[in-house]
Every structure is written in C-alpha cells, then in structure tokens.
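Source file: start00.tsv; contents: TSV, N, CA and C atoms and all ligand atoms.
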```
chain	number	residue	atom	x	y	z
A	740	MET	N	14.22	14.30	0.44
A	740	MET	CA	14.11	13.40	1.59
A	740	MET	C	14.93	12.14	1.32
A	741	THR	N	15.87	11.89	2.18
A	741	THR	CA	16.59	10.62	2.01
A	741	THR	C	15.87	9.55	2.81
A	742	PHE	N	15.86	8.39	2.27
A	742	PHE	CA	15.12	7.30	2.88
A	742	PHE	C	16.09	6.21	3.29
A	743	ASN	N	16.03	5.85	4.57
A	743	ASN	CA	16.90	4.82	5.08
A	743	ASN	C	16.02	3.66	5.53
A	744	SER	N	16.05	2.57	4.77
A	744	SER	CA	15.11	1.48	5.05
A	744	SER	C	15.33	0.84	6.42
A	745	SER	N	16.59	0.75	6.88
A	745	SER	CA	16.79	0.11	8.19
A	745	SER	C	16.29	1.01	9.31
A	746	GLU	N	16.47	2.34	9.14
A	746	GLU	CA	15.93	3.27	10.14
A	746	GLU	C	14.41	3.25	10.17
A	747	PHE	N	13.83	3.17	8.98
A	747	PHE	CA	12.38	3.16	8.86
A	747	PHE	C	11.81	1.91	9.53
A	748	LEU	N	12.46	0.76	9.33
A	748	LEU	CA	12.01	-0.48	9.97
A	748	LEU	C	12.11	-0.36	11.49
A	749	ALA	N	13.22	0.21	11.96
A	749	ALA	CA	13.42	0.37	13.41
A	749	ALA	C	12.32	1.25	14.00
A	750	LEU	N	12.01	2.31	13.28
A	750	LEU	CA	10.96	3.25	13.71
A	750	LEU	C	9.61	2.54	13.86
A	751	LYS	N	9.37	1.57	13.00
A	751	LYS	CA	8.10	0.83	13.01
A	751	LYS	C	8.15	-0.38	13.95
A	752	GLY	N	9.28	-0.56	14.62
A	752	GLY	CA	9.40	-1.68	15.55
A	752	GLY	C	9.55	-3.03	14.86
A	753	ILE	N	10.14	-3.02	13.69
A	753	ILE	CA	10.35	-4.26	12.92
A	753	ILE	C	11.84	-4.55	12.89
A	754	SER	N	12.23	-5.76	13.31
A	754	SER	CA	13.66	-6.05	13.27
A	754	SER	C	14.07	-6.24	11.81
A	755	ARG	N	15.28	-5.75	11.51
A	755	ARG	CA	15.65	-5.70	10.10
A	755	ARG	C	16.30	-7.00	9.63
A	756	THR	N	15.94	-7.35	8.41
A	756	THR	CA	16.62	-8.43	7.70
A	756	THR	C	16.88	-7.88	6.30
A	757	ALA	N	17.82	-8.48	5.62
A	757	ALA	CA	18.15	-8.00	4.26
A	757	ALA	C	16.91	-8.11	3.37
A	758	PHE	N	16.13	-9.16	3.58
A	758	PHE	CA	14.95	-9.35	2.74
A	758	PHE	C	13.89	-8.28	3.01
A	759	ARG	N	13.62	-8.00	4.27
A	759	ARG	CA	12.64	-6.96	4.61
A	759	ARG	C	13.07	-5.61	4.04
A	760	GLU	N	14.35	-5.32	4.12
A	760	GLU	CA	14.85	-4.06	3.58
A	760	GLU	C	14.65	-4.00	2.07
A	761	GLU	N	14.82	-5.12	1.41
A	761	GLU	CA	14.65	-5.11	-0.05
A	761	GLU	C	13.18	-4.88	-0.42
A	762	VAL	N	12.27	-5.57	0.27
A	762	VAL	CA	10.84	-5.39	-0.02
A	762	VAL	C	10.44	-3.93	0.23
A	763	LEU	N	10.92	-3.39	1.34
A	763	LEU	CA	10.59	-2.01	1.68
A	763	LEU	C	11.13	-1.02	0.63
A	764	SER	N	12.33	-1.28	0.19
A	764	SER	CA	12.95	-0.42	-0.81
A	764	SER	C	12.16	-0.45	-2.13
A	765	ILE	N	11.67	-1.62	-2.52
A	765	ILE	CA	10.86	-1.73	-3.75
A	765	ILE	C	9.60	-0.89	-3.60
A	766	LEU	N	8.96	-1.00	-2.43
A	766	LEU	CA	7.72	-0.25	-2.20
A	766	LEU	C	7.99	1.26	-2.13
A	767	HIS	N	9.11	1.62	-1.53
A	767	HIS	CA	9.48	3.03	-1.44
A	767	HIS	C	9.72	3.65	-2.82
A	768	HIS	N	10.32	2.89	-3.72
A	768	HIS	CA	10.68	3.44	-5.02
A	768	HIS	C	9.55	3.38	-6.05
A	769	SER	N	8.39	2.91	-5.63
A	769	SER	CA	7.29	2.83	-6.57
A	769	SER	C	6.28	3.97	-6.33
A	770	ASP	N	5.90	4.66	-7.40
A	770	ASP	CA	4.92	5.74	-7.29
A	770	ASP	C	3.49	5.20	-7.26
A	771	VAL	N	3.35	3.95	-7.63
A	771	VAL	CA	2.02	3.36	-7.70
A	771	VAL	C	1.95	2.18	-6.74
A	772	ALA	N	0.74	1.76	-6.41
A	772	ALA	CA	0.57	0.59	-5.54
A	772	ALA	C	0.93	-0.66	-6.34
A	773	LEU	N	1.47	-1.66	-5.65
A	773	LEU	CA	1.94	-2.88	-6.32
A	773	LEU	C	1.21	-4.11	-5.79
A	774	SER	N	0.94	-5.03	-6.68
A	774	SER	CA	0.39	-6.32	-6.24
A	774	SER	C	1.54	-7.17	-5.72
A	775	THR	N	1.22	-8.24	-4.99
A	775	THR	CA	2.30	-9.11	-4.49
A	775	THR	C	3.11	-9.67	-5.67
A	776	LYS	N	2.43	-9.97	-6.77
A	776	LYS	CA	3.12	-10.48	-7.97
A	776	LYS	C	4.11	-9.43	-8.50
A	777	GLU	N	3.68	-8.17	-8.54
A	777	GLU	CA	4.56	-7.11	-9.04
A	777	GLU	C	5.76	-6.91	-8.10
A	778	ILE	N	5.53	-7.04	-6.79
A	778	ILE	CA	6.65	-6.92	-5.84
A	778	ILE	C	7.62	-8.09	-6.06
A	779	GLU	N	7.07	-9.28	-6.16
A	779	GLU	CA	7.91	-10.48	-6.35
A	779	GLU	C	8.75	-10.38	-7.62
A	780	ASP	N	8.17	-9.83	-8.68
A	780	ASP	CA	8.90	-9.71	-9.95
A	780	ASP	C	10.10	-8.77	-9.83
A	781	LYS	N	10.05	-7.83	-8.89
A	781	LYS	CA	11.14	-6.87	-8.74
A	781	LYS	C	12.22	-7.34	-7.78
A	782	LEU	N	11.94	-8.41	-7.04
A	782	LEU	CA	12.90	-8.89	-6.05
A	782	LEU	C	14.13	-9.51	-6.69
A	783	GLU	N	15.28	-9.22	-6.11
A	783	GLU	CA	16.49	-9.89	-6.56
A	783	GLU	C	16.67	-11.19	-5.79
A	784	GLN	N	16.33	-11.13	-4.49
A	784	GLN	CA	16.41	-12.34	-3.68
A	784	GLN	C	15.16	-13.17	-3.97
A	785	THR	N	15.26	-14.46	-3.90
A	785	THR	CA	14.08	-15.29	-4.08
A	785	THR	C	13.81	-16.08	-2.80
A	786	PRO	N	13.00	-15.49	-1.94
A	786	PRO	CA	12.68	-16.17	-0.68
A	786	PRO	C	11.59	-17.19	-0.94
A	787	ASP	N	11.32	-18.04	0.05
A	787	ASP	CA	10.17	-18.92	-0.09
A	787	ASP	C	8.92	-18.07	0.09
A	788	ARG	N	7.82	-18.58	-0.41
A	788	ARG	CA	6.57	-17.81	-0.42
A	788	ARG	C	6.08	-17.49	0.99
A	789	VAL	N	6.35	-18.40	1.94
A	789	VAL	CA	5.90	-18.17	3.31
A	789	VAL	C	6.59	-16.92	3.87
A	790	THR	N	7.90	-16.82	3.68
A	790	THR	CA	8.65	-15.65	4.15
A	790	THR	C	8.12	-14.39	3.48
A	791	PHE	N	7.87	-14.49	2.19
A	791	PHE	CA	7.39	-13.33	1.45
A	791	PHE	C	6.03	-12.86	2.00
A	792	TYR	N	5.08	-13.77	2.13
A	792	TYR	CA	3.76	-13.37	2.60
A	792	TYR	C	3.76	-12.93	4.07
A	793	ARG	N	4.64	-13.55	4.86
A	793	ARG	CA	4.78	-13.11	6.26
A	793	ARG	C	5.31	-11.68	6.34
A	794	THR	N	6.22	-11.37	5.46
A	794	THR	CA	6.79	-10.01	5.43
A	794	THR	C	5.71	-8.99	5.08
A	795	ILE	N	4.90	-9.31	4.07
A	795	ILE	CA	3.82	-8.40	3.67
A	795	ILE	C	2.83	-8.22	4.83
A	796	LYS	N	2.50	-9.33	5.48
A	796	LYS	CA	1.54	-9.28	6.59
A	796	LYS	C	2.11	-8.47	7.76
A	797	LEU	N	3.38	-8.68	8.06
A	797	LEU	CA	4.03	-7.94	9.15
A	797	LEU	C	4.05	-6.44	8.84
A	798	PHE	N	4.40	-6.09	7.62
A	798	PHE	CA	4.42	-4.68	7.22
A	798	PHE	C	3.03	-4.07	7.35
A	799	GLU	N	2.03	-4.85	7.00
A	799	GLU	CA	0.65	-4.35	7.08
A	799	GLU	C	0.25	-4.14	8.55
A	800	GLU	N	0.57	-5.12	9.39
A	800	GLU	CA	0.23	-5.02	10.81
A	800	GLU	C	0.94	-3.83	11.46
A	801	LYS	N	2.15	-3.55	11.06
A	801	LYS	CA	2.94	-2.48	11.66
A	801	LYS	C	2.70	-1.14	10.97
A	802	LYS	N	1.68	-1.10	10.11
A	802	LYS	CA	1.33	0.14	9.39
A	802	LYS	C	2.51	0.74	8.63
A	803	THR	N	3.26	-0.17	8.00
A	803	THR	CA	4.38	0.25	7.16
A	803	THR	C	3.91	0.34	5.72
A	804	ILE	N	2.94	-0.53	5.41
A	804	ILE	CA	2.29	-0.49	4.10
A	804	ILE	C	0.79	-0.53	4.34
A	805	HIS	N	0.01	-0.19	3.34
A	805	HIS	CA	-1.44	-0.35	3.45
A	805	HIS	C	-1.95	-1.09	2.23
A	806	LYS	N	-3.02	-1.82	2.48
A	806	LYS	CA	-3.61	-2.67	1.44
A	806	LYS	C	-4.74	-1.93	0.77
A	807	ILE	N	-4.82	-2.05	-0.54
A	807	ILE	CA	-5.90	-1.44	-1.30
A	807	ILE	C	-6.65	-2.59	-1.99
A	808	VAL	N	-7.93	-2.70	-1.72
A	808	VAL	CA	-8.72	-3.77	-2.32
A	808	VAL	C	-9.51	-3.17	-3.49
A	809	LEU	N	-9.29	-3.71	-4.68
A	809	LEU	CA	-9.95	-3.17	-5.87
A	809	LEU	C	-11.31	-3.81	-6.09
A	810	GLU	N	-12.01	-3.29	-7.10
A	810	GLU	CA	-13.39	-3.72	-7.37
A	810	GLU	C	-13.46	-5.23	-7.64
A	811	ASP	N	-12.43	-5.79	-8.24
A	811	ASP	CA	-12.45	-7.23	-8.55
A	811	ASP	C	-11.86	-8.05	-7.40
A	812	GLN	N	-11.70	-7.42	-6.23
A	812	GLN	CA	-11.17	-8.06	-5.01
A	812	GLN	C	-9.68	-8.34	-5.08
A	813	SER	N	-9.00	-7.92	-6.15
A	813	SER	CA	-7.54	-8.06	-6.17
A	813	SER	C	-6.97	-6.99	-5.24
A	814	THR	N	-5.75	-7.23	-4.75
A	814	THR	CA	-5.19	-6.31	-3.76
A	814	THR	C	-3.85	-5.76	-4.23
A	815	LYS	N	-3.59	-4.53	-3.82
A	815	LYS	CA	-2.31	-3.90	-4.08
A	815	LYS	C	-1.83	-3.27	-2.78
A	816	TYR	N	-0.53	-3.01	-2.71
A	816	TYR	CA	0.06	-2.46	-1.49
A	816	TYR	C	0.90	-1.24	-1.82
A	817	ARG	N	0.90	-0.32	-0.88
A	817	ARG	CA	1.78	0.82	-1.04
A	817	ARG	C	2.36	1.19	0.33
A	818	ILE	N	3.58	1.71	0.32
A	818	ILE	CA	4.23	2.14	1.56
A	818	ILE	C	3.43	3.29	2.17
A	819	ILE	N	3.46	3.40	3.49
A	819	ILE	CA	2.82	4.54	4.16
A	819	ILE	C	3.85	5.13	5.12
A	820	TYR	N	4.10	6.42	4.98
A	820	TYR	CA	5.15	7.04	5.79
A	820	TYR	C	4.62	7.52	7.13
A	821	GLU	N	3.41	8.06	7.11
A	821	GLU	CA	2.81	8.55	8.35
A	821	GLU	C	1.55	7.74	8.64
A	822	ALA	N	1.59	7.01	9.75
A	822	ALA	CA	0.50	6.09	10.07
A	822	ALA	C	-0.86	6.78	10.16
A	823	ASP	N	-0.87	8.06	10.52
A	823	ASP	CA	-2.17	8.75	10.66
A	823	ASP	C	-2.77	9.13	9.30
A	824	LYS	N	-2.00	8.91	8.23
A	824	LYS	CA	-2.56	9.20	6.90
A	824	LYS	C	-2.96	7.93	6.17
A	825	ILE	N	-3.16	6.87	6.94
A	825	ILE	CA	-3.39	5.55	6.32
A	825	ILE	C	-4.75	5.47	5.63
A	826	HIS	N	-5.72	6.25	6.07
A	826	HIS	CA	-7.05	6.20	5.46
A	826	HIS	C	-7.22	7.32	4.46
A	827	HIS	N	-7.31	6.95	3.19
A	827	HIS	CA	-7.51	7.94	2.13
A	827	HIS	C	-8.09	7.23	0.91
A	828	PRO	N	-8.68	7.98	0.01
A	828	PRO	CA	-9.22	7.35	-1.20
A	828	PRO	C	-8.09	6.94	-2.16
A	829	HIS	N	-8.43	6.09	-3.09
A	829	HIS	CA	-7.48	5.66	-4.12
A	829	HIS	C	-8.09	5.83	-5.49
A	830	PHE	N	-7.22	6.02	-6.46
A	830	PHE	CA	-7.67	6.11	-7.85
A	830	PHE	C	-7.17	4.89	-8.60
A	831	HIS	N	-8.07	4.24	-9.32
A	831	HIS	CA	-7.71	3.06	-10.11
A	831	HIS	C	-7.95	3.37	-11.57
A	832	CYS	N	-6.89	3.32	-12.38
A	832	CYS	CA	-7.04	3.53	-13.82
A	832	CYS	C	-7.49	2.21	-14.44
A	833	LEU	N	-8.66	2.24	-15.07
A	833	LEU	CA	-9.23	1.00	-15.62
A	833	LEU	C	-8.54	0.60	-16.91
A	834	LEU	N	-7.74	1.48	-17.47
A	834	LEU	CA	-7.08	1.18	-18.75
A	834	LEU	C	-5.69	0.60	-18.54
A	835	CYS	N	-4.88	1.20	-17.65
A	835	CYS	CA	-3.53	0.66	-17.43
A	835	CYS	C	-3.41	-0.04	-16.08
A	836	ASN	N	-4.49	-0.06	-15.31
A	836	ASN	CA	-4.55	-0.79	-14.04
A	836	ASN	C	-3.70	-0.16	-12.93
A	837	LYS	N	-3.27	1.08	-13.16
A	837	LYS	CA	-2.47	1.78	-12.15
A	837	LYS	C	-3.35	2.18	-10.97
A	838	VAL	N	-2.80	2.06	-9.75
A	838	VAL	CA	-3.52	2.49	-8.56
A	838	VAL	C	-2.67	3.52	-7.84
A	839	VAL	N	-3.21	4.71	-7.60
A	839	VAL	CA	-2.46	5.73	-6.88
A	839	VAL	C	-3.21	6.15	-5.62
A	840	CYS	N	-2.46	6.57	-4.61
A	840	CYS	CA	-3.03	7.07	-3.36
A	840	CYS	C	-3.45	8.52	-3.55
A	841	LEU	N	-4.53	8.90	-2.92
A	841	LEU	CA	-4.97	10.30	-2.90
A	841	LEU	C	-5.00	10.77	-1.44
A	842	PRO	N	-3.80	10.89	-0.83
A	842	PRO	CA	-3.76	11.14	0.62
A	842	PRO	C	-4.30	12.51	1.03
A	843	ASP	N	-4.36	13.45	0.10
A	843	ASP	CA	-4.84	14.79	0.46
A	843	ASP	C	-6.34	14.96	0.24
A	844	MET	N	-6.97	13.94	-0.33
A	844	MET	CA	-8.42	14.03	-0.56
A	844	MET	C	-9.16	13.48	0.64
A	845	PRO	N	-10.16	14.20	1.15
A	845	PRO	CA	-10.88	13.68	2.30
A	845	PRO	C	-11.73	12.47	1.91
A	846	LEU	N	-11.88	11.54	2.82
A	846	LEU	CA	-12.77	10.41	2.59
A	846	LEU	C	-14.21	10.90	2.71
A	847	PRO	N	-15.11	10.37	1.90
A	847	PRO	CA	-16.52	10.72	2.09
A	847	PRO	C	-16.95	10.35	3.51
A	848	GLN	N	-17.66	11.27	4.16
A	848	GLN	CA	-18.07	11.01	5.54
A	848	GLN	C	-19.39	10.26	5.58
A	849	CYS	N	-19.41	9.17	6.30
A	849	CYS	CA	-20.65	8.42	6.47
A	849	CYS	C	-21.24	8.76	7.83
A	850	THR	N	-22.52	9.00	7.87
A	850	THR	CA	-23.18	9.17	9.15
A	850	THR	C	-23.78	7.82	9.52
A	851	LEU	N	-23.29	7.27	10.61
A	851	LEU	CA	-23.72	5.93	10.99
A	851	LEU	C	-24.80	5.99	12.05
A	852	PRO	N	-25.62	4.94	12.13
A	852	PRO	CA	-26.60	4.88	13.22
A	852	PRO	C	-25.90	4.89	14.58
A	853	ASN	N	-26.59	5.30	15.61
A	853	ASN	CA	-26.04	5.34	16.97
A	853	ASN	C	-25.41	4.00	17.35
A	854	GLY	N	-24.22	4.06	17.93
A	854	GLY	CA	-23.59	2.85	18.43
A	854	GLY	C	-22.74	2.13	17.40
A	855	PHE	N	-22.78	2.57	16.15
A	855	PHE	CA	-21.96	1.96	15.10
A	855	PHE	C	-20.60	2.66	15.05
A	856	THR	N	-19.54	1.90	14.82
A	856	THR	CA	-18.23	2.51	14.63
A	856	THR	C	-17.59	1.97	13.35
A	857	ILE	N	-16.81	2.81	12.72
A	857	ILE	CA	-16.14	2.41	11.47
A	857	ILE	C	-14.81	1.75	11.80
A	858	GLN	N	-14.53	0.65	11.16
A	858	GLN	CA	-13.19	0.09	11.27
A	858	GLN	C	-12.39	0.30	9.99
A	859	THR	N	-13.02	0.06	8.87
A	859	THR	CA	-12.32	0.34	7.62
A	859	THR	C	-13.26	1.06	6.68
A	860	GLN	N	-12.69	1.83	5.80
A	860	GLN	CA	-13.49	2.48	4.77
A	860	GLN	C	-12.66	2.46	3.51
A	861	ASN	N	-13.17	1.79	2.51
A	861	ASN	CA	-12.41	1.58	1.29
A	861	ASN	C	-13.05	2.39	0.16
A	862	THR	N	-12.40	3.47	-0.24
A	862	THR	CA	-12.96	4.30	-1.30
A	862	THR	C	-12.06	4.23	-2.53
A	863	ILE	N	-12.59	3.67	-3.60
A	863	ILE	CA	-11.85	3.57	-4.86
A	863	ILE	C	-12.58	4.41	-5.91
A	864	VAL	N	-11.86	5.35	-6.48
A	864	VAL	CA	-12.40	6.12	-7.59
A	864	VAL	C	-11.78	5.52	-8.84
A	865	ALA	N	-12.58	5.10	-9.78
A	865	ALA	CA	-12.04	4.44	-10.98
A	865	ALA	C	-12.27	5.30	-12.21
A	866	GLY	N	-11.36	5.21	-13.17
A	866	GLY	CA	-11.50	5.98	-14.39
A	866	GLY	C	-10.25	5.85	-15.22
A	867	ALA	N	-9.83	6.95	-15.86
A	867	ALA	CA	-8.63	6.94	-16.69
A	867	ALA	C	-7.61	7.91	-16.12
A	868	CYS	N	-6.35	7.50	-16.04
A	868	CYS	CA	-5.29	8.37	-15.52
A	868	CYS	C	-4.86	9.38	-16.59
A	869	GLU	N	-3.92	10.25	-16.23
A	869	GLU	CA	-3.51	11.32	-17.14
A	869	GLU	C	-2.87	10.78	-18.42
A	870	LYS	N	-2.25	9.59	-18.33
A	870	LYS	CA	-1.61	9.02	-19.51
A	870	LYS	C	-2.59	8.31	-20.42
A	871	CYS	N	-3.70	7.89	-19.85
A	871	CYS	CA	-4.68	7.10	-20.62
A	871	CYS	C	-5.84	7.95	-21.13
A	872	THR	N	-5.98	9.16	-20.60
A	872	THR	CA	-7.06	10.03	-21.06
A	872	THR	C	-6.74	10.54	-22.45
A	873	PHE	N	-7.69	10.50	-23.33
A	873	PHE	CA	-7.44	10.97	-24.71
A	873	PHE	C	-7.32	12.48	-24.73
B	901	ZN	ZN	-3.84	4.73	-16.99
B	902	ZN	ZN	-2.99	4.71	-0.37
```
Will you turn the file into structure tokens for me?
Ligand SMILES: [Zn+2]
Ligand SMILES: [Zn+2]
Amino acid sequence: MTFNSSEFLALKGISRTAFREEVLSILHHSDVALSTKEIEDKLEQTPDRVTFYRTIKLFEEKKTIHKIVLEDQSTKYRIIYEADKIHHPHFHCLLCNKVVCLPDMPLPQCTLPNGFTIQTQNTIVAGACEKCTF
C-alpha cells in the first residue's frame, strides 16, 4: 500500500500544509502509538506549540488519528485509516511502555440500562509485549 499524505488529508477534508503532512507521515510510519512528546521529537520542522497542538486536535476531530488514554491518564495517538475501525482495544506494555492497537479484537460489550448510550469506550489491556516477555 502506498501512502500519500496529501491525498489522505484531502480525503479527510483537511487542507494540506507542509507541517500537517509531516505530522501525518510520522504517525503513518510508526507501528506504535506516540505521545505528543514522541511526535515532537521526530519533527524536523519546529512549529510553535499552538500550531502543533491545533494540528493534533484537528486530526483527532477529523478522525485521522485516535487518542488512547492510558491508566496513568497519559495519552498517545495513532493514525486511523478507516474511520469505522476507530473503536478497538489497545495493549499497553508495562515494561517498555509500548502501546499497540488491536483493531481486530472485539470490544467487550456492555449492556447498559434503558435509555443509556455509549459515547466512548476505552479498553486497555496491560502486560508484557513479545519483546519484554521472558
Ligand atoms: Zn514491551
Ligand atoms: Zn488504536
């Protein structure tokens, strides 16, 4: 699959800038979810923080990336290619702090009282990844 960041932005209804394309490319090339600090460390351009956080927020609103909130309330982000697969569990390695998406695993189903609706469901499975398991 070839990935064209400007086409992907257009598809999501986001006007392209060189900076947005760079952030998107960093997220696309990462197999694991990244914190804002980790994204910033990989950037070649150094934008002001407002532009950086606005970009992250815009990507989140346009379902280009999704936010993962960990047990300690820290957050990581990962690109999402198909908006309908945005809800899935995540695995957090407690030893190397890696966070991976588990898009093929079903979310645990909650049966809610009448009249209740779900807006978000955050499922984090924590443990040791394949590299950290003895
Ligand atoms: Zn690990
Ligand atoms: Zn995910």
| request: Between A:Tyr816, A:Phe791, A:Phe758, A:Phe830, single out the one closest to Ala772 in chain A, counting only N, CA and C atoms. | output: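 Once distances to Ala772 in chain A are computed over only N, CA and C atoms, the minimum belongs to A:Tyr816.
In this comparison, which uses all atoms listed in the file, the residue of A:Cys868, A:Glu746, A:Cys849, A:Ile863 approaching Asn836 in chain A most closely is A:Cys868.
Straight-line separation from CA of Ala865 in chain A to CA of Cys840 in chain A: 12.1 Å.
Every protein or nucleic acid residue with an atom no more than 10 Å from range 788-790 of chain A, counting only C-alpha atoms and leaving out same-chain residues fewer than 3 positions away, appears here: Phe758, Arg759, Glu779, Thr785, Arg793, Thr794, Ile795 and Lys796 of chain A.
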Using only N, CA and C atoms, please write the residues we just selected to a file, as a short mmCIF file (atom, residue, chain, number, x, y, z; two decimals), in the coordinates of the input.
```
data_model
loop_
_atom_site.label_atom_id
_atom_site.label_comp_id
_atom_site.auth_asym_id
_atom_site.auth_seq_id
_atom_site.Cartn_x
_atom_site.Cartn_y
_atom_site.Cartn_z
N PHE A 758 16.13 -9.16 3.58
CA PHE A 758 14.95 -9.35 2.74
C PHE A 758 13.89 -8.28 3.01
N ARG A 759 13.62 -8.00 4.27
CA ARG A 759 12.64 -6.96 4.61
C ARG A 759 13.07 -5.61 4.04
N GLU A 779 7.07 -9.28 -6.16
CA GLU A 779 7.91 -10.48 -6.35
C GLU A 779 8.75 -10.38 -7.62
N THR A 785 15.26 -14.46 -3.90
CA THR A 785 14.08 -15.29 -4.08
C THR A 785 13.81 -16.08 -2.80
N ARG A 793 4.64 -13.55 4.86
CA ARG A 793 4.78 -13.11 6.26
C ARG A 793 5.31 -11.68 6.34
N THR A 794 6.22 -11.37 5.46
CA THR A 794 6.79 -10.01 5.43
C THR A 794 5.71 -8.99 5.08
N ILE A 795 4.90 -9.31 4.07
CA ILE A 795 3.82 -8.40 3.67
C ILE A 795 2.83 -8.22 4.83
N LYS A 796 2.50 -9.33 5.48
CA LYS A 796 1.54 -9.28 6.59
C LYS A 796 2.11 -8.47 7.76
#
```
With the cut-off set at 9 Å and counting only C-alpha atoms and all ligand atoms, tabulate each residue of chain A with an atom at most that distance from an atom of ligand ZN 901 (chain B), showing the nearest atom pair and its distance in Å to one decimal, ordered by chain and increasing number, as a Markdown table.
```
| residue | atom | partner | partner_atom | distance |
| --- | --- | --- | --- | --- |
| A:His831 | CA | B:ZN901 | ZN | 8.1 |
| A:Cys832 | CA | B:ZN901 | ZN | 4.7 |
| A:Leu833 | CA | B:ZN901 | ZN | 6.7 |
| A:Leu834 | CA | B:ZN901 | ZN | 5.1 |
| A:Cys835 | CA | B:ZN901 | ZN | 4.1 |
| A:Asn836 | CA | B:ZN901 | ZN | 6.3 |
| A:Lys837 | CA | B:ZN901 | ZN | 5.8 |
| A:Val838 | CA | B:ZN901 | ZN | 8.7 |
| A:Gly866 | CA | B:ZN901 | ZN | 8.2 |
| A:Ala867 | CA | B:ZN901 | ZN | 5.3 |
| A:Cys868 | CA | B:ZN901 | ZN | 4.2 |
| A:Glu869 | CA | B:ZN901 | ZN | 6.6 |
| A:Lys870 | CA | B:ZN901 | ZN | 5.5 |
| A:Cys871 | CA | B:ZN901 | ZN | 4.4 |
| A:Thr872 | CA | B:ZN901 | ZN | 7.4 |
```
Each chain A residue no farther than 6.5 Å from ligand ZN 902 (chain B), nearest pair in Å, all atoms listed in the file, as CSV:
```
residue,atom,partner,partner_atom,distance
A:His805,C,B:ZN902,ZN,6.4
A:Arg817,CA,B:ZN902,ZN,6.2
A:Ile825,C,B:ZN902,ZN,6.3
A:His827,C,B:ZN902,ZN,5.8
A:Pro828,C,B:ZN902,ZN,5.8
A:His829,CA,B:ZN902,ZN,5.9
A:Val839,C,B:ZN902,ZN,5.4
A:Cys840,CA,B:ZN902,ZN,3.8
A:Leu841,N,B:ZN902,ZN,5.1
A:Pro842,N,B:ZN902,ZN,6.2
```
| task | Return the single residue from A:Gln784, A:Lys824, A:Ile778, A:Lys751 that is closest to Thr803 in chain A, with distances computed using only N, CA and C atoms. | result |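 Result for the nearest residue to Thr803 in chain A: A:Lys751.
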| said: When you count only C-alpha atoms, which of these residues is closest to Glu777 in chain A: A:Ile765, A:Ala822, A:Leu750, A:Leu797? | reply: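 Smallest separation from Glu777 in chain A among the options: A:Ile765.
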Mind writing range 748-763 of chain A to a file for me, with N, CA and C atoms, as a PDB file, in the first residue's frame?
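Result file result_33.pdb:
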```
ATOM      1  N   LEU A 748      -5.003  13.591   3.535  1.00  0.00           N
ATOM      2  CA  LEU A 748      -5.548  14.805   4.158  1.00  0.00           C
ATOM      3  C   LEU A 748      -6.777  15.290   3.393  1.00  0.00           C
ATOM      4  N   ALA A 749      -6.686  15.278   2.064  1.00  0.00           N
ATOM      5  CA  ALA A 749      -7.802  15.729   1.228  1.00  0.00           C
ATOM      6  C   ALA A 749      -9.038  14.863   1.479  1.00  0.00           C
ATOM      7  N   LEU A 750      -8.804  13.564   1.574  1.00  0.00           N
ATOM      8  CA  LEU A 750      -9.883  12.603   1.830  1.00  0.00           C
ATOM      9  C   LEU A 750     -10.588  12.904   3.156  1.00  0.00           C
ATOM     10  N   LYS A 751      -9.832  13.374   4.122  1.00  0.00           N
ATOM     11  CA  LYS A 751     -10.375  13.675   5.451  1.00  0.00           C
ATOM     12  C   LYS A 751     -10.909  15.107   5.545  1.00  0.00           C
ATOM     13  N   GLY A 752     -10.837  15.838   4.432  1.00  0.00           N
ATOM     14  CA  GLY A 752     -11.341  17.208   4.437  1.00  0.00           C
ATOM     15  C   GLY A 752     -10.448  18.180   5.183  1.00  0.00           C
ATOM     16  N   ILE A 753      -9.161  17.903   5.192  1.00  0.00           N
ATOM     17  CA  ILE A 753      -8.199  18.772   5.883  1.00  0.00           C
ATOM     18  C   ILE A 753      -7.330  19.442   4.825  1.00  0.00           C
ATOM     19  N   SER A 754      -7.256  20.778   4.865  1.00  0.00           N
ATOM     20  CA  SER A 754      -6.404  21.417   3.862  1.00  0.00           C
ATOM     21  C   SER A 754      -4.939  21.161   4.223  1.00  0.00           C
ATOM     22  N   ARG A 755      -4.146  20.955   3.171  1.00  0.00           N
ATOM     23  CA  ARG A 755      -2.788  20.496   3.439  1.00  0.00           C
ATOM     24  C   ARG A 755      -1.824  21.647   3.679  1.00  0.00           C
ATOM     25  N   THR A 756      -0.932  21.402   4.629  1.00  0.00           N
ATOM     26  CA  THR A 756       0.206  22.289   4.845  1.00  0.00           C
ATOM     27  C   THR A 756       1.406  21.355   4.981  1.00  0.00           C
ATOM     28  N   ALA A 757       2.579  21.887   4.770  1.00  0.00           N
ATOM     29  CA  ALA A 757       3.786  21.053   4.874  1.00  0.00           C
ATOM     30  C   ALA A 757       3.891  20.468   6.278  1.00  0.00           C
ATOM     31  N   PHE A 758       3.491  21.260   7.270  1.00  0.00           N
ATOM     32  CA  PHE A 758       3.596  20.781   8.647  1.00  0.00           C
ATOM     33  C   PHE A 758       2.621  19.632   8.927  1.00  0.00           C
ATOM     34  N   ARG A 759       1.382  19.784   8.490  1.00  0.00           N
ATOM     35  CA  ARG A 759       0.393  18.708   8.686  1.00  0.00           C
ATOM     36  C   ARG A 759       0.852  17.425   8.004  1.00  0.00           C
ATOM     37  N   GLU A 760       1.407  17.566   6.815  1.00  0.00           N
ATOM     38  CA  GLU A 760       1.896  16.383   6.102  1.00  0.00           C
ATOM     39  C   GLU A 760       3.031  15.710   6.860  1.00  0.00           C
ATOM     40  N   GLU A 761       3.874  16.510   7.485  1.00  0.00           N
ATOM     41  CA  GLU A 761       4.984  15.910   8.223  1.00  0.00           C
ATOM     42  C   GLU A 761       4.473  15.151   9.456  1.00  0.00           C
ATOM     43  N   VAL A 762       3.545  15.760  10.193  1.00  0.00           N
ATOM     44  CA  VAL A 762       2.999  15.092  11.382  1.00  0.00           C
ATOM     45  C   VAL A 762       2.315  13.784  10.968  1.00  0.00           C
ATOM     46  N   LEU A 763       1.548  13.847   9.890  1.00  0.00           N
ATOM     47  CA  LEU A 763       0.838  12.664   9.412  1.00  0.00           C
ATOM     48  C   LEU A 763       1.823  11.556   8.997  1.00  0.00           C
TER      49      LEU A 763
END
```
